[in-house]
Amino acid sequence: MSKDLLFEIGLEEVPARFIPNAIQQLKERMTAWLDSSRIAYSAVEAYATPRRLAILVKEVAEKQEDINEEVKGPSRKIALDEAGNWSKAALGFARSQGVDPEQFTFKELGGVEYIYATKSSIGVPTADVLSEGLLHILHAMTFPKFMRWASYDFKFVRPIRWLVALFGNDIVNLEIAGVQSGNVTRGHRFLGQEAVVESPADYVEVLRKQHVIVDIEERQSLILKQIEALATEKDWTIAVKDDLLEEVLYLVETPTVLFGGFDPAFLNIPKDVLITSMREHQRYFPVLDRTGKLLPYFVTVRNGGSQSLEVIAKGNEKVLRARLSDAKFFYEEDQKLEIKDALSKLESIVFHEELGTVGDKVRRIRRIADALAEKLRVSPDTQESVSRAADICKFDLVTQMVYEFPELQGVMGEDYARKAGEKEEVARAVFEHYQPRFAGETVPSTNAGAIVSIADKIDTITGCFSIGIIPTGSQDPYALRRQAAGIVQILLDRKLSATLSDVFNIALDVHSNFGNMKRSADEIRKELHEFFGLRVKKLLSETLRYDVVDAVLSAGYDDVASVVNRGAALMAAVQTGDVFKATVESFNRVGNLAAKAVHKSVNTGEFTEQGEKNLYEAWYGAYESYCTALQEGDATQALALASSITPAVTAFFDSVMVMAEDDAVRNNRLALLAAIDSELKRFADFSKLVV
């Protein structure tokens with residue numbers, strides 16, 4: 001027999017950003033409690049609006065499952081003392097299992113007798129434990145911020161105003177913070193009323209009648225369908241950003257899409273400014289034409305029905321007009337600020353108390369960027385652009401627009417730099433040096449932007465490492481992992497001929513000259529190498545098998561493009577199955593014996609067997625081309641050349657006694673294997689492959 005279970009927590013409006021995690025947490029805690037309580041169920045559905053978190057569990061068993069299990073204890077030898085009495089170990093085992101020692105039985109396992117305790121427990125009715133279980137779940141919930149209210153010690157994300165707890169048609173009796181559970185829910189704050197939920201299965205429809213779409217997916221579908229219908233009607237492109245859609249989704253209970261307009265004169269402000277103002281301050285969706293040009297309209301979602309939409313639209317237009325007027329004022333005022341004056345203001349902004357001001361950071365970025373540009377042998381024009389972009393890359397931090405909208409840093413810098421007469425490549429680099437800001441974002445499209453971006457990011461990482469700020473666990477307040485991943489992605493995507501060591505050494509030299517380092521350069525260099533290794537591993541793991549990743553990383557990852565190419569080539573090879581298996585096995589046989597070599601100098605005059613002569617000729621016949629392919633980044637060709645010696649390796653082991661009695665012969669054969677193995681390990685450690 002089973003019944004449905006409904007648990008609704010009615011609240012004052014919860015911040016939208018808290019709700020996705022909260023409802024997921026409630027679902028997980030509910031299922032975890034049911035599982036640990038041995039209460040069977042078929043499915044769990046989660047619902048949420050700004051004013052409620054709810055869980056509907058279907059077909060919940062009316063009684064816990066009975067348990068009857070055997071638990072193995074210590075061996076007979078340990079369980080009984082010399083007099084045949086129970087030892088302390090046996091008595092302790094009995095206490096831990098809640099059984100009487102006289103209930104022990106003996107069973108043989110692997111030729112040894114052990115004591116076993118049989119634990120039995122009769123399941124109790126689910127209704128008897130629900131109240132305690134639901135209260136436990138409530139107390140266990142965690143949030144980014146908590147509230148207390150009235151005189152209660154209990155804390156929650158927002159004050160609880162009602163509780164619905166039903167098991168079948170029966171109310172589960174519980175009370176928390178002065179709120180008694182019942183079967184009465186509340187509808188839309190203005191359009192709905194209180195309503196009785198007769199049974200859990202009625203929940204969604206009861207709230208629908210009270211103007212609440214409690215199903216999250218249904219509510220999102222309604223919003224998107226209305227937006228699509230409006231876009232079709234007006235021939236618009238409505239830019240729906242996922243994070244804004246999610247926020248709006250948890251701001252409304254009955255969604256109704258509407259639109260409004262603003263003065264086209266505001267379109268003289270950069271598009272990004274207008275869009276940011278609409279999205280961040282007003283939660284509006286911007287409207288574009290088919291070419292991507294911003295139109296003087298916006299789309300928003302009302303928490304209510306379709307009555308008086310014109311009045312609602314005019315109210316939103318009035319608020320937006322004030323916002324855009326502020327943006328226009330900031331934009332015009334910022335253009336009165338000369339770049340040199342903005343740069344001087346950076347001297348009074350502290351980047352970090354141990355690393356100096358933002359002005360100090362800019363000077364380090366300039367030196368790192370110049371050294372990188374020289375290393376990469378860029379053209380004189382690009383070198384000039386790199387230097388200028390590095391000098392001014394942070395000037396927009398002191399503008400009013402970026403103060404109001406921090407997410408526009410770089411965006412405003414590019415616009416203001418262009419208006420101040422800077423070269424196009426310099427202006428673009430001011431924007432691009434922040435890229436990639438997050439996983440999946442494109443890397444800088446110009447060499448100047450890429451070089452300054454690497455310089456900015458490695459300066460922050462090296463500076464933090466130099467004063468002991470290294471990410472641990474989930475703690476990464478300076479987003480060093482993200483910035484390291486950005487450097488790796490730039491080196492790869494832009495095909496820059498710099499290794500990670502080049503980047504580290506340049507940054508360490510600059511920081512050493514600035515005198516900020518509190519630790520030795522060698523220690524920091526080692527930690528940087530390990531830190532970036534994890535970023536490279538994560539990148540490879542997105543497309544490669546774990547063993548392939550380990551194999552190519554073991555051969556080195558200083559050259560990011562090389563390790564990515566080697567990984568792709570090796571992954572393609574292992575997917576051929578038995579065709580490549582023989583090659584891996586032959587390489588591993590070479591490696592196993594190569595470890596015993598006392599030197600790597602091969603003397604062809606010491607060869608006495610045709611098999612070793614053939615192996616030498618096969619390897620050194622492919623060696624030069626193999627090295628060239630590796631150097632040029634053609635990993636597929638390099639692996640093919642290395643694999644071509646497989647028959648010679650097999651024949652060598654079939655016909656040659658490697659561990660010959662004659663020391664000179666034996667050491668020469670081992671040296672041949674060691675020479676081959678050392679070169680193979682430049683590609684990968686094939687012993688790490690699972691074939």
# chains A, B, ... in the order shown; residues from 1 in each chain; ligands from 1

call {"tool": "select_by_dssp", "arguments": {"residues": "segment 120-349 of chain A", "states": "helix (DSSP H, G or I)", "output": "NGL selection string"}}
result
:A and (126-140 or 200-209 or 216-234 or 242-249 or 264-268 or 271-282 or 309-334 or 339-348)

call {"tool": "closest_atom_pairs", "arguments": {"of": "segment 372-473 of chain A", "to": "segment 501-507 of chain A", "cutoff": "10 Å", "atoms": "only C-alpha atoms", "output": "tab-separated table"}}
result
residue	atom	partner	partner_atom	distance
A:Leu372	CA	A:Val503	CA	7.3
A:Lys375	CA	A:Asp502	CA	8.2
A:Ile454	CA	A:Val503	CA	8.3
A:Ala455	CA	A:Ala507	CA	7.8
A:Asp456	CA	A:Ala507	CA	9.9
A:Ile458	CA	A:Ala507	CA	6.7
A:Asp459	CA	A:Ala507	CA	6.3
A:Thr460	CA	A:Ala507	CA	9.6
A:Ile461	CA	A:Ala507	CA	9.3
A:Thr462	CA	A:Ala507	CA	6.7
A:Gly463	CA	A:Ala507	CA	8.8

call {"tool": "write_last_selection", "arguments": {"atoms": "N, CA and C atoms", "output": "PDB file, in the first residue's frame"}}
result
ATOM      1  N   LEU A 372      56.854  39.056 -23.489  1.00  0.00           N
ATOM      2  CA  LEU A 372      56.153  38.012 -24.249  1.00  0.00           C
ATOM      3  C   LEU A 372      56.147  38.332 -25.741  1.00  0.00           C
ATOM      4  N   LYS A 375      59.458  37.546 -27.108  1.00  0.00           N
ATOM      5  CA  LYS A 375      59.625  36.094 -27.201  1.00  0.00           C
ATOM      6  C   LYS A 375      58.899  35.537 -28.422  1.00  0.00           C
ATOM      7  N   ILE A 454      47.261  37.424 -21.482  1.00  0.00           N
ATOM      8  CA  ILE A 454      48.148  36.486 -20.774  1.00  0.00           C
ATOM      9  C   ILE A 454      48.941  37.233 -19.711  1.00  0.00           C
ATOM     10  N   ALA A 455      49.452  38.415 -20.063  1.00  0.00           N
ATOM     11  CA  ALA A 455      50.255  39.194 -19.117  1.00  0.00           C
ATOM     12  C   ALA A 455      49.453  39.567 -17.873  1.00  0.00           C
ATOM     13  N   ASP A 456      48.230  40.009 -18.084  1.00  0.00           N
ATOM     14  CA  ASP A 456      47.369  40.388 -16.958  1.00  0.00           C
ATOM     15  C   ASP A 456      47.091  39.191 -16.059  1.00  0.00           C
ATOM     16  N   ILE A 458      48.696  36.152 -15.841  1.00  0.00           N
ATOM     17  CA  ILE A 458      49.846  35.533 -15.179  1.00  0.00           C
ATOM     18  C   ILE A 458      50.412  36.458 -14.112  1.00  0.00           C
ATOM     19  N   ASP A 459      50.239  37.765 -14.272  1.00  0.00           N
ATOM     20  CA  ASP A 459      50.664  38.683 -13.211  1.00  0.00           C
ATOM     21  C   ASP A 459      49.865  38.440 -11.936  1.00  0.00           C
ATOM     22  N   THR A 460      48.565  38.300 -12.084  1.00  0.00           N
ATOM     23  CA  THR A 460      47.719  38.045 -10.913  1.00  0.00           C
ATOM     24  C   THR A 460      48.063  36.710 -10.264  1.00  0.00           C
ATOM     25  N   ILE A 461      48.200  35.672 -11.082  1.00  0.00           N
ATOM     26  CA  ILE A 461      48.481  34.337 -10.546  1.00  0.00           C
ATOM     27  C   ILE A 461      49.837  34.306  -9.868  1.00  0.00           C
ATOM     28  N   THR A 462      50.869  34.815 -10.536  1.00  0.00           N
ATOM     29  CA  THR A 462      52.212  34.797  -9.967  1.00  0.00           C
ATOM     30  C   THR A 462      52.280  35.648  -8.715  1.00  0.00           C
ATOM     31  N   GLY A 463      51.624  36.802  -8.755  1.00  0.00           N
ATOM     32  CA  GLY A 463      51.613  37.664  -7.577  1.00  0.00           C
ATOM     33  C   GLY A 463      50.980  36.980  -6.375  1.00  0.00           C
TER      34      GLY A 463
END

call {"tool": "atom_distance", "arguments": {"atom1": "atom CA of Arg323 of chain A", "atom2": "atom CA of Lys336 of chain A"}}
result
20.8 Å

call {"tool": "residues_around", "arguments": {"residues": "segment 31-48 of chain A", "least_positions_apart": "6", "cutoff": "8 Å", "atoms": "only C-alpha atoms", "output": "PyMOL selection string"}}
result
chain A and resi 19+23-24+54-65+126+133+137+214-216+250

call {"tool": "residues_around", "arguments": {"residues": "Asp509 of chain A", "least_positions_apart": "6", "cutoff": "10 Å", "atoms": "only C-alpha atoms", "output": "tab-separated table (two decimals) with N, CA and C atoms, in the first residue's frame"}}
result
chain	number	residue	atom	x	y	z
A	367	ARG	N	55.51	45.21	-18.58
A	367	ARG	CA	56.80	44.54	-18.71
A	367	ARG	C	56.64	43.07	-19.14
A	368	ILE	N	55.66	42.42	-18.57
A	368	ILE	CA	55.42	41.02	-18.95
A	368	ILE	C	54.99	40.96	-20.41
A	515	GLY	N	60.24	43.39	-6.50
A	515	GLY	CA	60.52	43.17	-5.08
A	515	GLY	C	59.32	42.78	-4.25
A	521	ALA	N	61.77	31.96	-6.16
A	521	ALA	CA	61.26	31.79	-7.52
A	521	ALA	C	61.15	30.32	-7.89

call {"tool": "closest_residue", "arguments": {"among": "A:Ala618, A:Met30, A:Val563, A:Val273", "to": "Phe652 of chain A", "atoms": "only C-alpha atoms"}}
result
A:Ala618

call {"tool": "residues_around", "arguments": {"residues": "Asp493 of chain A", "least_positions_apart": "4", "cutoff": "9 Å", "atoms": "only C-alpha atoms", "output": "MDAnalysis selection string"}}
result
chainID A and resid 443 488:489 561

call {"tool": "write_last_selection", "arguments": {"atoms": "N, CA and C atoms", "output": "compact mmCIF listing (two decimals), in the first residue's frame"}}
result
# COMPACT_ATOMS: atom_id res chain seq x y z
N VAL A 443 38.49 33.47 -27.10
CA VAL A 443 39.76 34.09 -26.71
C VAL A 443 39.96 35.35 -27.54
N VAL A 488 45.86 28.94 -20.75
CA VAL A 488 46.01 27.69 -21.50
C VAL A 488 45.21 27.75 -22.79
N GLN A 489 43.98 28.25 -22.71
CA GLN A 489 43.12 28.31 -23.90
C GLN A 489 43.66 29.29 -24.93
N ALA A 561 50.02 23.10 -27.02
CA ALA A 561 49.56 22.58 -28.31
C ALA A 561 50.08 21.17 -28.53

call {"tool": "residues_around", "arguments": {"residues": "Phe465 of chain A", "least_positions_apart": "4", "cutoff": "8 Å", "atoms": "only C-alpha atoms", "output": "number ranges by chain"}}
result
A: 461, 469-470, 524, 528

call {"tool": "closest_residue", "arguments": {"among": "A:Met657, A:Ala448, A:Leu343, A:Val99", "to": "Ala369 of chain A", "atoms": "only C-alpha atoms"}}
result
A:Ala448

call {"tool": "closest_residue", "arguments": {"among": "A:Asp128, A:Glu217, A:Arg283, A:Ala485", "to": "Phe531 of chain A", "atoms": "only C-alpha atoms"}}
result
A:Ala485

call {"tool": "select_by_dssp", "arguments": {"residues": "segment 263-326 of chain A", "states": "strand (DSSP E or B)", "output": "ChimeraX atom specification"}}
result
/A:285-288,294-303

call {"tool": "write_last_selection", "arguments": {"atoms": "C-alpha atoms", "output": "tab-separated table (two decimals), in the first residue's frame"}}
result
chain	number	residue	atom	x	y	z
A	285	PHE	CA	15.12	41.46	-22.40
A	286	PRO	CA	16.59	43.70	-25.14
A	287	VAL	CA	15.06	43.78	-28.61
A	288	LEU	CA	17.12	43.55	-31.82
A	294	LEU	CA	19.40	47.28	-31.00
A	295	LEU	CA	15.86	48.64	-31.28
A	296	PRO	CA	14.27	51.16	-28.86
A	297	TYR	CA	12.09	48.53	-27.20
A	298	PHE	CA	12.30	46.12	-24.29
A	299	VAL	CA	10.44	43.01	-23.18
A	300	THR	CA	9.64	42.17	-19.59
A	301	VAL	CA	7.62	39.60	-17.67
A	302	ARG	CA	4.85	40.63	-15.32
A	303	ASN	CA	3.86	38.63	-12.25
